[in-house]
file work39.cif (mmCIF, C-alpha atoms (C1' of nucleotides))
data_work
#
loop_
_atom_site.label_atom_id
_atom_site.label_comp_id
_atom_site.auth_asym_id
_atom_site.auth_seq_id
_atom_site.Cartn_x
_atom_site.Cartn_y
_atom_site.Cartn_z
CA MET K 875 20.01 -27.97 31.75
CA SER K 876 21.32 -25.45 29.26
CA THR K 877 21.17 -27.37 25.99
CA ALA K 878 19.76 -25.81 22.86
CA ALA K 879 16.73 -28.09 23.14
CA GLY K 880 16.21 -26.95 26.71
CA ARG K 881 16.34 -23.34 25.70
CA ASP K 882 13.87 -23.92 22.88
CA GLU K 883 11.49 -25.57 25.32
CA ILE K 884 11.69 -22.56 27.58
CA LEU K 885 10.95 -20.26 24.65
CA ARG K 886 7.97 -22.41 23.64
CA LEU K 887 6.54 -22.25 27.12
CA ARG K 888 7.08 -18.51 27.33
CA ARG K 889 5.22 -17.97 24.11
CA LYS K 890 2.32 -20.02 25.46
CA ALA K 891 2.33 -18.12 28.73
CA PRO K 892 -1.37 -17.70 29.45
CA ALA K 893 -1.58 -14.10 30.62
CA SER K 894 -5.20 -13.14 31.06
CA PRO K 895 -7.36 -14.39 28.19
CA TRP K 896 -9.38 -11.21 28.42
CA LEU K 897 -6.30 -9.04 28.17
CA GLU K 898 -5.16 -11.15 25.24
CA ASP K 899 -8.52 -10.69 23.53
CA ILE K 900 -8.47 -6.94 24.02
CA ALA K 901 -4.91 -6.76 22.76
CA ALA K 902 -6.00 -8.58 19.60
CA ILE K 903 -8.78 -6.04 19.06
CA LEU K 904 -6.41 -3.12 19.60
CA ARG K 905 -3.91 -4.66 17.21
CA ALA K 906 -6.64 -4.96 14.59
CA LEU K 907 -7.72 -1.35 15.10
CA GLY K 908 -4.09 -0.29 15.00
CA ASP K 909 -4.25 -0.17 11.24
CA PRO K 910 -5.56 3.21 10.04
CA THR K 911 -7.75 1.64 7.37
CA ARG K 912 -9.38 -0.80 9.75
CA LEU K 913 -9.80 1.88 12.39
CA ALA K 914 -11.53 4.10 9.86
CA ILE K 915 -13.74 1.26 8.68
CA ALA K 916 -14.75 0.44 12.25
CA ALA K 917 -15.41 4.09 13.08
CA LEU K 918 -17.40 4.50 9.88
CA LEU K 919 -19.55 1.48 10.60
CA PHE K 920 -19.96 2.58 14.21
CA ALA K 921 -21.18 5.97 13.06
CA THR K 922 -23.56 4.35 10.61
CA GLU K 923 -27.11 3.52 11.51
CA GLY K 924 -27.57 0.09 9.96
CA GLU K 925 -25.24 -1.37 7.38
CA LEU K 926 -22.80 -0.39 4.67
CA CYS K 927 -22.06 -2.44 1.60
CA VAL K 928 -18.53 -3.26 0.51
CA CYS K 929 -18.68 -1.07 -2.55
CA HIS K 930 -19.15 1.94 -0.27
CA LEU K 931 -15.92 1.14 1.51
CA GLU K 932 -14.06 0.48 -1.71
CA ALA K 933 -15.13 3.91 -2.90
CA ARG K 934 -14.11 5.54 0.37
CA PHE K 935 -10.60 4.10 0.66
CA ASP K 936 -7.99 4.22 -2.05
CA LEU K 937 -7.09 0.57 -1.81
CA ALA K 938 -7.47 -2.42 -4.06
CA GLN K 939 -10.59 -4.50 -3.58
CA PRO K 940 -8.78 -7.56 -2.14
CA THR K 941 -7.15 -5.33 0.44
CA ILE K 942 -10.49 -4.02 1.66
CA SER K 943 -11.79 -7.55 1.71
CA HIS K 944 -8.81 -8.63 3.78
CA HIS K 945 -9.34 -5.89 6.35
CA LEU K 946 -13.02 -6.77 6.61
CA LYS K 947 -12.07 -10.38 7.22
CA VAL K 948 -9.82 -9.38 10.10
CA LEU K 949 -12.62 -7.38 11.70
CA ARG K 950 -15.08 -10.21 11.03
CA GLU K 951 -12.86 -12.83 12.65
CA LEU K 952 -12.68 -10.70 15.78
CA ALA K 953 -16.46 -10.47 15.75
CA LEU K 954 -16.31 -6.70 15.57
CA VAL K 955 -18.44 -6.62 12.43
CA THR K 956 -21.07 -8.84 10.88
CA ALA K 957 -21.68 -9.52 7.21
CA THR K 958 -25.01 -10.31 5.62
CA ARG K 959 -25.50 -11.12 1.98
CA ARG K 960 -28.25 -9.24 0.16
CA ALA K 961 -28.46 -10.44 -3.40
CA THR K 962 -25.10 -9.76 -5.03
CA TRP K 963 -24.02 -7.33 -2.36
CA ILE K 964 -22.65 -8.00 1.09
CA HIS K 965 -23.51 -5.52 3.81
CA TYR K 966 -21.37 -4.96 6.88
CA ALA K 967 -22.48 -3.66 10.25
CA ILE K 968 -20.69 -3.04 13.52
CA ASP K 969 -21.44 -5.47 16.33
CA ARG K 970 -22.37 -3.00 19.06
CA GLU K 971 -22.59 -5.67 21.71
CA ARG K 972 -19.04 -6.74 21.01
CA VAL K 973 -17.89 -3.12 21.02
CA ALA K 974 -19.60 -2.57 24.34
CA SER K 975 -17.74 -5.54 25.80
CA VAL K 976 -14.49 -3.60 25.59
CA PRO K 977 -14.39 -0.71 28.09
CA GLY K 978 -13.98 2.63 26.35
CA LEU K 979 -14.12 1.24 22.84
CA ALA K 980 -17.48 2.78 22.04
CA ALA K 981 -16.18 6.16 23.19
CA LEU K 982 -13.11 5.72 21.05
CA LEU K 983 -14.98 4.83 17.88
CA GLY K 984 -17.59 7.49 18.59
CA GLY K 985 -14.89 10.07 19.03
CA LEU K 986 -13.61 9.32 15.55
CA ALA K 987 -16.96 9.86 13.91
CA ARG K 988 -15.98 13.29 12.63
CA GLU K 989 -12.79 11.94 11.11
CA VAL K 990 -14.43 9.48 8.78
CA THR K 991 -16.25 11.02 5.86
CA ARG K 992 -19.15 9.10 4.52
CA PRO K 993 -19.04 8.11 0.86
CA LYS K 994 -21.05 10.58 -1.21
CA ARG K 995 -23.27 8.36 -3.26
CA ALA K 996 -24.76 4.95 -2.95
CA CYS K 997 -23.35 2.38 -5.33
CA CYS K 998 -25.92 -0.34 -4.77
CA PRO K 999 -29.66 -0.46 -4.18
CA MET E 176 0.25 5.32 -18.39
CA SER E 177 0.60 1.77 -17.23
CA THR E 178 4.36 1.34 -16.98
CA ALA E 179 5.97 -0.28 -13.98
CA ALA E 180 7.38 3.09 -12.95
CA GLY E 181 3.92 4.61 -13.16
CA ARG E 182 2.49 1.93 -10.97
CA ASP E 183 5.23 2.37 -8.41
CA GLU E 184 4.55 6.09 -8.30
CA ILE E 185 0.89 5.40 -7.63
CA LEU E 186 1.80 3.03 -4.83
CA ARG E 187 4.14 5.59 -3.30
CA LEU E 188 1.44 8.24 -3.32
CA ARG E 189 -1.09 5.85 -1.82
CA ARG E 190 1.22 5.04 1.04
CA LYS E 191 1.63 8.74 1.74
CA ALA E 192 -2.11 9.31 1.62
CA PRO E 193 -2.70 11.72 4.50
CA ALA E 194 -5.84 10.38 6.12
CA SER E 195 -6.59 12.30 9.29
CA PRO E 196 -3.44 12.90 11.35
CA TRP E 197 -5.46 12.39 14.50
CA LEU E 198 -6.79 9.07 13.29
CA GLU E 199 -3.26 8.09 12.33
CA ASP E 200 -2.00 9.02 15.79
CA ILE E 201 -4.71 7.03 17.53
CA ALA E 202 -4.04 4.07 15.26
CA ALA E 203 -0.38 4.19 16.27
CA ILE E 204 -1.35 4.13 19.94
CA LEU E 205 -3.73 1.22 19.41
CA ARG E 206 -1.06 -0.67 17.49
CA ALA E 207 1.35 -0.15 20.36
CA LEU E 208 -1.21 -1.35 22.90
CA GLY E 209 -2.01 -4.28 20.62
CA ASP E 210 0.88 -6.19 22.12
CA PRO E 211 -0.20 -8.01 25.31
CA THR E 212 3.00 -7.11 27.13
CA ARG E 213 2.75 -3.41 26.33
CA LEU E 214 -0.95 -3.39 27.12
CA ALA E 215 -0.23 -4.95 30.51
CA ILE E 216 2.58 -2.49 31.18
CA ALA E 217 0.35 0.45 30.31
CA ALA E 218 -2.53 -0.88 32.42
CA LEU E 219 -0.16 -1.55 35.30
CA LEU E 220 1.28 1.96 35.17
CA PHE E 221 -2.20 3.42 34.80
CA ALA E 222 -3.33 1.58 37.92
CA THR E 223 -0.26 2.75 39.79
CA GLU E 224 -0.24 5.90 41.80
CA GLY E 225 3.14 7.41 40.97
CA GLU E 226 5.90 5.50 39.29
CA LEU E 227 7.27 2.02 38.82
CA CYS E 228 10.90 1.20 38.23
CA VAL E 229 12.04 -1.06 35.42
CA CYS E 230 13.11 -3.85 37.73
CA HIS E 231 9.48 -4.16 38.87
CA LEU E 232 8.39 -4.77 35.31
CA GLU E 233 11.21 -7.19 34.62
CA ALA E 234 10.10 -9.19 37.63
CA ARG E 235 6.47 -9.09 36.55
CA PHE E 236 6.92 -10.25 32.94
CA ASP E 237 8.81 -13.33 31.89
CA LEU E 238 10.82 -11.62 29.23
CA ALA E 239 14.47 -10.77 28.77
CA GLN E 240 15.58 -7.34 29.98
CA PRO E 241 16.24 -5.92 26.49
CA THR E 242 12.73 -6.92 25.46
CA ILE E 243 11.14 -5.00 28.33
CA SER E 244 13.38 -2.08 27.52
CA HIS E 245 12.24 -2.20 23.91
CA HIS E 246 8.57 -2.18 24.85
CA LEU E 247 9.11 0.75 27.18
CA LYS E 248 10.81 2.62 24.38
CA VAL E 249 7.80 2.12 22.12
CA LEU E 250 5.48 3.50 24.79
CA ARG E 251 7.90 6.34 25.48
CA GLU E 252 8.12 7.37 21.83
CA LEU E 253 4.33 7.59 21.70
CA ALA E 254 4.44 9.79 24.81
CA LEU E 255 2.24 7.36 26.68
CA VAL E 256 4.78 7.01 29.48
CA THR E 257 7.53 9.16 30.93
CA ALA E 258 10.85 8.04 32.33
CA THR E 259 12.78 9.78 35.08
CA ARG E 260 16.15 8.67 36.31
CA ARG E 261 16.58 8.34 40.09
CA ALA E 262 20.13 7.35 40.88
CA THR E 263 20.81 4.04 39.16
CA TRP E 264 17.15 3.27 38.60
CA ILE E 265 14.78 4.60 36.00
CA HIS E 266 11.16 5.05 37.01
CA TYR E 267 8.29 4.99 34.58
CA ALA E 268 4.90 6.62 34.93
CA ILE E 269 1.85 6.84 32.72
CA ASP E 270 1.19 10.21 31.08
CA ARG E 271 -2.41 10.73 32.15
CA GLU E 272 -2.83 13.80 30.01
CA ARG E 273 -1.83 11.87 26.92
CA VAL E 274 -4.13 9.02 27.87
CA ALA E 275 -6.98 11.47 28.37
CA SER E 276 -6.41 12.82 24.86
CA VAL E 277 -7.64 9.55 23.41
CA PRO E 278 -11.39 9.07 23.94
CA GLY E 279 -12.12 5.94 25.95
CA LEU E 280 -8.50 5.05 26.56
CA ALA E 281 -8.62 5.80 30.27
CA ALA E 282 -11.69 3.59 30.60
CA LEU E 283 -9.94 0.84 28.71
CA LEU E 284 -6.78 0.90 30.81
CA GLY E 285 -8.81 1.28 33.98
CA GLY E 286 -10.93 -1.70 33.03
CA LEU E 287 -7.82 -3.82 32.84
CA ALA E 288 -6.66 -2.91 36.33
CA ARG E 289 -7.85 -6.21 37.77
CA GLU E 290 -6.01 -8.17 35.08
CA VAL E 291 -2.55 -6.91 35.92
CA THR E 292 -1.12 -8.20 39.15
CA ARG E 293 1.29 -5.95 40.92
CA PRO E 294 4.74 -7.33 41.64
CA LYS E 295 4.98 -8.54 45.21
CA ARG E 296 8.09 -6.93 46.52
CA ALA E 297 10.06 -3.84 45.79
CA CYS E 298 13.43 -4.43 44.19
CA CYS E 299 14.83 -0.95 44.56
CA PRO E 300 14.61 1.78 47.20
"C1'" DG H 1385 -27.46 -23.06 -19.70
"C1'" DT H 1386 -23.93 -18.38 -20.48
"C1'" DC H 1387 -22.47 -13.82 -19.38
"C1'" DC H 1388 -21.77 -10.17 -15.95
"C1'" DT H 1389 -20.87 -8.11 -11.61
"C1'" DG H 1390 -19.71 -8.10 -6.59
"C1'" DT H 1391 -16.95 -10.21 -3.22
"C1'" DA H 1392 -13.68 -13.67 -1.30
"C1'" DT H 1393 -9.46 -16.41 -1.54
"C1'" DT H 1394 -4.79 -17.47 -3.00
"C1'" DG H 1395 0.05 -16.69 -3.42
"C1'" DA H 1396 3.72 -13.59 -3.41
"C1'" DC H 1397 6.40 -9.63 -2.03
"C1'" DG H 1398 8.76 -6.25 0.99
"C1'" DA H 1399 8.24 -3.97 5.44
"C1'" DA H 1400 7.55 -4.06 10.23
"C1'" DC H 1401 7.44 -6.57 14.54
"C1'" DG H 1402 8.85 -9.32 18.95
"C1'" DT H 1403 12.43 -11.51 20.82
"C1'" DC H 1404 17.01 -12.56 22.06
"C1'" DG H 1405 22.33 -12.39 23.26
"C1'" DA H 1406 26.05 -9.33 23.23
"C1'" DT H 1407 27.54 -5.01 24.16
"C1'" DA H 1408 27.48 -0.16 25.56
"C1'" DT H 1409 26.24 3.50 28.75
"C1'" DA H 1410 25.27 5.65 33.17
"C1'" DC H 1411 25.36 5.74 37.86
"C1'" DT H 1412 26.99 4.28 42.80
"C1'" DC H 1413 30.11 2.71 46.09
"C1'" DA H 1414 34.52 1.58 47.89
"C1'" DT W 1031 40.42 5.21 40.28
"C1'" DG W 1032 38.04 0.52 39.55
"C1'" DA W 1033 34.32 -2.88 40.28
"C1'" DG W 1034 29.49 -3.65 40.26
"C1'" DT W 1035 24.70 -2.87 38.98
"C1'" DA W 1036 20.69 -0.95 36.25
"C1'" DT W 1037 19.15 0.20 31.93
"C1'" DA W 1038 19.65 1.16 26.95
"C1'" DT W 1039 21.23 0.12 22.35
"C1'" DC W 1040 22.81 -2.92 18.60
"C1'" DG W 1041 22.46 -6.66 15.34
"C1'" DA W 1042 20.31 -10.71 14.06
"C1'" DC W 1043 16.65 -14.09 13.68
"C1'" DG W 1044 12.05 -15.92 12.48
"C1'" DT W 1045 7.24 -14.33 12.31
"C1'" DT W 1046 3.52 -11.50 11.19
"C1'" DC W 1047 1.54 -7.81 8.51
"C1'" DG W 1048 -0.31 -4.82 4.54
"C1'" DT W 1049 -0.65 -4.81 -0.06
"C1'" DC W 1050 -1.29 -6.35 -4.67
"C1'" DA W 1051 -2.49 -9.13 -9.19
"C1'" DA W 1052 -4.58 -13.17 -10.47
"C1'" DT W 1053 -8.05 -16.21 -9.75
"C1'" DA W 1054 -12.16 -18.41 -7.76
"C1'" DC W 1055 -16.79 -18.24 -6.13
"C1'" DA W 1056 -21.12 -16.57 -5.73
"C1'" DG W 1057 -25.86 -14.59 -7.43
"C1'" DG W 1058 -28.77 -12.10 -10.94
"C1'" DA W 1059 -30.04 -11.28 -15.78
"C1'" DC W 1060 -30.62 -12.96 -20.10
#
call {"tool": "encode", "arguments": {"input": "work39.cif", "output": "structure tokens"}}
result
Amino acid sequence: MSTAAGRDEILRLRRKAPASPWLEDIAAILRALGDPTRLAIAALLFATEGELCVCHLEARFDLAQPTISHHLKVLRELALVTATRRATWIHYAIDRERVASVPGLAALLGGLAREVTRPKRACCP
Amino acid sequence: MSTAAGRDEILRLRRKAPASPWLEDIAAILRALGDPTRLAIAALLFATEGELCVCHLEARFDLAQPTISHHLKVLRELALVTATRRATWIHYAIDRERVASVPGLAALLGGLAREVTRPKRACCP
DNA sequence: GTCCTGTATTGACGAACGTCGATATACTCA
DNA sequence: TGAGTATATCGACGTTCGTCAATACAGGAC
């Protein structure tokens, strides 16, 4: 069979090709951290004892607020960070258990600690 | 100034924002490894003593030959792998020095060793 | 209740990506 | 030399991505 429909079916199956789910999961994490902003956010949170509120990150990166929010959502959906609301502010923290589940990831984020400068001043209580 | 030209200039400058070159380099590597095929290729080469020729990889992944070639080029341009021609065949190997220059990367690729199945038979001398 | 402030979501845009078929290049063998 | 094989490059296609302005959704203060 070499019809167009047959070829499309083959392509559909190829795209669904299982590969290892674990490898797929790790690839998704690497893709997320492949953006310099998200990598810096992750490294910053990893180097931070406790949490950081969004306004800190907005101050640190020269990007519009929706852009920061978008990047945080990507990290959240991969379970790399957690968000907790405290009054008006939302605080983000790295999920160290999730980080530890990827071999070498903690070393990678830790190694970037020097590269990410903390914001100077607090912007929320 | 709030003209359209002024805004465009701001956007241009933002895109050029330096960030740390090292962070940028690591982000590029993570972005490259964020594709499941490239991650598997890298892990496979990392788990391989010596080299692997392209036909091995073509047999291992269910992708067209130009696609494999494209992925290898991406890894090559990031200096993660090296290619050496041996007669008609081109053999690829991981650059362990480059891998070692990224904290945790060796652990990551090593951790994936079990996920990447070697091709069964040799296809070239 | 109404305002104000912090954060998320929506919708749009151009740029980059993954994939392919067709073609080009490089090498071997006869 | 010419035919055959291994790999790379080209050009195109649909998809995903990063970014933004505009808007919506909270929660606190009044």
call {"tool": "resolve_selection", "arguments": {"input": "work39.cif", "expression": "the PyMOL selection byres ((chain W) within 12 of (chain E))", "output": "compact mmCIF listing (two decimals) with C-alpha atoms (C1' of nucleotides), in the frame of the given file"}}
result
# COMPACT_ATOMS: atom_id res chain seq x y z
C1' DG W 1034 29.49 -3.65 40.26
C1' DT W 1035 24.70 -2.87 38.98
C1' DA W 1036 20.69 -0.95 36.25
C1' DT W 1037 19.15 0.20 31.93
C1' DA W 1038 19.65 1.16 26.95
C1' DT W 1039 21.23 0.12 22.35
C1' DC W 1040 22.81 -2.92 18.60
C1' DC W 1047 1.54 -7.81 8.51
C1' DG W 1048 -0.31 -4.82 4.54
C1' DT W 1049 -0.65 -4.81 -0.06
C1' DC W 1050 -1.29 -6.35 -4.67
call {"tool": "residues_around", "arguments": {"input": "work39.cif", "residues": "His266 in chain E", "least_positions_apart": "4", "cutoff": "6 Å", "atoms": "only C-alpha atoms (C1' of nucleotides)", "output": "list in words"}}
result
Glu226, Leu227, Cys228, Ala258 and Thr259 of chain E
call {"tool": "closest_residue", "arguments": {"input": "work39.cif", "among": "E:Leu219, E:Leu232, E:Val277, E:Ala288", "to": "chain K", "atoms": "all atoms listed in the file"}}
result
E:Val277
call {"tool": "resolve_selection", "arguments": {"input": "work39.cif", "expression": "the PyMOL selection byres ((chain H) within 10 of (chain E))", "output": "mmCIF file with C-alpha atoms (C1' of nucleotides), keeping the file's coordinate frame"}}
result
data_model
loop_
_atom_site.group_PDB
_atom_site.id
_atom_site.type_symbol
_atom_site.label_atom_id
_atom_site.label_comp_id
_atom_site.auth_asym_id
_atom_site.auth_seq_id
_atom_site.Cartn_x
_atom_site.Cartn_y
_atom_site.Cartn_z
ATOM 1 C "C1'" DG H 1402 8.850 -9.320 18.950
ATOM 2 C "C1'" DT H 1403 12.430 -11.510 20.820
ATOM 3 C "C1'" DC H 1404 17.010 -12.560 22.060
ATOM 4 C "C1'" DG H 1405 22.330 -12.390 23.260
ATOM 5 C "C1'" DA H 1410 25.270 5.650 33.170
ATOM 6 C "C1'" DC H 1411 25.360 5.740 37.860
ATOM 7 C "C1'" DT H 1412 26.990 4.280 42.800
#
call {"tool": "interface_residues", "arguments": {"input": "work39.cif", "of": "chain E", "to": "chain K", "cutoff": "9 Å", "atoms": "all atoms listed in the file", "output": "count of residues only"}}
result
36
call {"tool": "atom_distance", "arguments": {"input": "work39.cif", "atom1": "CA of Glu252 in chain E", "atom2": "CA of Ala974 in chain K"}}
result
29.6 Å
call {"tool": "atom_distance", "arguments": {"input": "work39.cif", "atom1": "CA of Tyr966 in chain K", "atom2": "C1' of DA1056 in chain W"}}
result
17.1 Å
call {"tool": "resolve_selection", "arguments": {"input": "work39.cif", "expression": "the PyMOL selection byres ((chain W and resi 1031) around 12)", "output": "list in words"}}
result
DA1414 of chain H; DG1032 and DA1033 of chain W
call {"tool": "atom_distance", "arguments": {"input": "work39.cif", "atom1": "CA of Ala953 in chain K", "atom2": "C1' of DA1392 in chain H"}}
result
17.6 Å
call {"tool": "residues_around", "arguments": {"input": "work39.cif", "residues": "Val955 in chain K", "least_positions_apart": "3", "cutoff": "10 Å", "atoms": "only C-alpha atoms (C1' of nucleotides)", "output": "list of chain:residue names"}}
result
K:Ile915, K:Ala916, K:Leu919, K:Phe920, K:Glu925, K:Leu946, K:Lys947, K:Val948, K:Leu949, K:Arg950, K:Glu951, K:Leu952, K:Tyr966, K:Ala967, K:Ile968, K:Asp969, K:Arg970, K:Arg972, K:Val973
call {"tool": "closest_residue", "arguments": {"input": "work39.cif", "among": "H:DA1406, H:DC1413, H:DC1388, H:DA1399", "to": "DG1041 in chain W", "atoms": "all atoms listed in the file"}}
result
H:DA1406
call {"tool": "residues_around", "arguments": {"input": "work39.cif", "residues": "DT1394 in chain H", "least_positions_apart": "2", "cutoff": "9 Å", "atoms": "all atoms listed in the file", "output": "ChimeraX atom specification"}}
result
/W:1052-1054
call {"tool": "decode", "arguments": {"input": "work39.cif", "residues": "range 1033-1051 of chain W", "atoms": "N, CA and C atoms (P, O5', C5', C4', C3', O3' and C1' of nucleotides)", "output": "compact mmCIF listing (two decimals), in the first residue's frame"}}
result
# COMPACT_ATOMS: atom_id res chain seq x y z
P DA W 1033 27.00 4.40 -15.87
O5' DA W 1033 26.94 3.43 -14.61
C5' DA W 1033 27.28 2.05 -14.78
C4' DA W 1033 27.20 1.34 -13.43
C3' DA W 1033 25.91 1.62 -12.65
O3' DA W 1033 25.52 0.44 -11.98
C1' DA W 1033 27.77 2.36 -11.41
P DG W 1034 24.18 0.41 -11.07
O5' DG W 1034 24.75 0.47 -9.58
C5' DG W 1034 25.73 -0.46 -9.17
C4' DG W 1034 26.12 -0.19 -7.72
C3' DG W 1034 24.93 0.16 -6.82
O3' DG W 1034 25.06 -0.50 -5.58
C1' DG W 1034 26.56 1.86 -6.70
P DT W 1035 23.83 -0.50 -4.51
O5' DT W 1035 24.45 0.14 -3.20
C5' DT W 1035 25.77 -0.23 -2.80
C4' DT W 1035 26.32 0.80 -1.83
C3' DT W 1035 25.30 1.28 -0.79
O3' DT W 1035 25.93 1.29 0.48
C1' DT W 1035 26.29 3.11 -1.84
P DA W 1036 25.07 1.39 1.85
O5' DA W 1036 25.70 2.69 2.53
C5' DA W 1036 27.11 2.77 2.67
C4' DA W 1036 27.48 4.16 3.16
C3' DA W 1036 26.56 4.71 4.23
O3' DA W 1036 27.34 5.35 5.24
C1' DA W 1036 26.59 6.17 2.37
P DT W 1037 26.62 5.84 6.61
O5' DT W 1037 26.42 7.38 6.30
C5' DT W 1037 27.58 8.21 6.17
C4' DT W 1037 27.21 9.54 5.57
C3' DT W 1037 26.27 10.41 6.39
O3' DT W 1037 27.03 11.43 7.01
C1' DT W 1037 25.83 10.53 4.04
P DA W 1038 26.31 12.67 7.76
O5' DA W 1038 26.10 13.74 6.60
C5' DA W 1038 27.23 14.18 5.88
C4' DA W 1038 26.83 15.27 4.89
C3' DA W 1038 26.07 16.44 5.50
O3' DA W 1038 26.66 17.66 5.06
C1' DA W 1038 24.85 15.51 3.67
P DT W 1039 26.11 19.05 5.64
O5' DT W 1039 25.12 19.55 4.49
C5' DT W 1039 25.63 19.75 3.19
C4' DT W 1039 24.50 20.10 2.24
C3' DT W 1039 23.61 21.28 2.67
O3' DT W 1039 23.59 22.24 1.63
C1' DT W 1039 22.29 19.44 2.01
P DC W 1040 22.85 23.65 1.89
O5' DC W 1040 21.50 23.48 1.06
C5' DC W 1040 21.55 22.80 -0.19
C4' DC W 1040 20.17 22.74 -0.82
C3' DC W 1040 19.23 23.88 -0.44
O3' DC W 1040 18.56 24.33 -1.61
C1' DC W 1040 18.22 21.82 0.11
P DG W 1041 17.80 25.76 -1.55
O5' DG W 1041 16.27 25.32 -1.52
C5' DG W 1041 15.83 24.23 -2.32
C4' DG W 1041 14.37 23.95 -2.06
C3' DG W 1041 13.57 25.13 -1.54
O3' DG W 1041 12.27 25.09 -2.11
C1' DG W 1041 13.51 23.39 0.04
P DA W 1042 11.17 26.22 -1.77
O5' DA W 1042 10.07 25.39 -0.99
C5' DA W 1042 9.61 24.18 -1.55
C4' DA W 1042 8.83 23.38 -0.53
C3' DA W 1042 7.75 24.20 0.20
O3' DA W 1042 6.49 23.62 -0.03
C1' DA W 1042 9.07 22.92 1.72
P DC W 1043 5.14 24.38 0.33
O5' DC W 1043 4.60 23.63 1.63
C5' DC W 1043 4.40 22.22 1.59
C4' DC W 1043 4.30 21.70 3.00
C3' DC W 1043 3.43 22.58 3.90
O3' DC W 1043 2.12 22.06 3.93
C1' DC W 1043 5.45 21.81 4.98
P DG W 1044 0.93 22.66 4.76
O5' DG W 1044 1.20 22.24 6.27
C5' DG W 1044 0.86 20.92 6.69
C4' DG W 1044 1.37 20.70 8.10
C3' DG W 1044 0.56 21.42 9.20
O3' DG W 1044 0.35 20.51 10.27
C1' DG W 1044 2.84 22.01 9.34
P DT W 1045 -0.47 21.00 11.58
O5' DT W 1045 0.65 21.15 12.70
C5' DT W 1045 1.65 20.13 12.82
C4' DT W 1045 2.65 20.52 13.89
C3' DT W 1045 2.02 21.14 15.15
O3' DT W 1045 2.54 20.45 16.27
C1' DT W 1045 3.73 22.54 14.31
P DT W 1046 1.91 20.70 17.75
O5' DT W 1046 3.07 21.57 18.43
C5' DT W 1046 4.40 21.09 18.40
C4' DT W 1046 5.36 22.21 18.75
C3' DT W 1046 5.02 22.95 20.06
O3' DT W 1046 6.15 22.84 20.91
C1' DT W 1046 5.51 24.48 18.33
P DC W 1047 6.15 23.49 22.39
O5' DC W 1047 6.88 24.89 22.13
C5' DC W 1047 8.18 24.88 21.57
C4' DC W 1047 8.68 26.30 21.42
C3' DC W 1047 8.49 27.16 22.67
O3' DC W 1047 9.74 27.70 23.04
C1' DC W 1047 7.67 28.27 20.73
P DG W 1048 9.89 28.36 24.50
O5' DG W 1048 9.92 29.92 24.17
C5' DG W 1048 10.98 30.44 23.42
C4' DG W 1048 10.76 31.91 23.19
C3' DG W 1048 10.48 32.72 24.46
O3' DG W 1048 11.25 33.91 24.42
C1' DG W 1048 8.69 32.98 22.92
P DT W 1049 11.25 34.92 25.67
O5' DT W 1049 10.17 36.01 25.28
C5' DT W 1049 10.40 36.85 24.16
C4' DT W 1049 9.12 37.54 23.74
C3' DT W 1049 8.39 38.31 24.84
O3' DT W 1049 8.91 39.63 24.92
C1' DT W 1049 6.91 37.23 23.27
P DC W 1050 8.41 40.64 26.09
O5' DC W 1050 7.04 41.22 25.51
C5' DC W 1050 7.06 41.89 24.26
C4' DC W 1050 5.64 42.07 23.75
C3' DC W 1050 4.73 42.80 24.72
O3' DC W 1050 4.64 44.16 24.32
C1' DC W 1050 3.65 40.86 23.75
P DA W 1051 3.95 45.22 25.34
O5' DA W 1051 2.41 45.19 24.90
C5' DA W 1051 2.05 45.56 23.57
C4' DA W 1051 0.55 45.41 23.38
C3' DA W 1051 -0.31 46.22 24.35
O3' DA W 1051 -1.47 46.70 23.67
C1' DA W 1051 -0.75 43.92 24.65
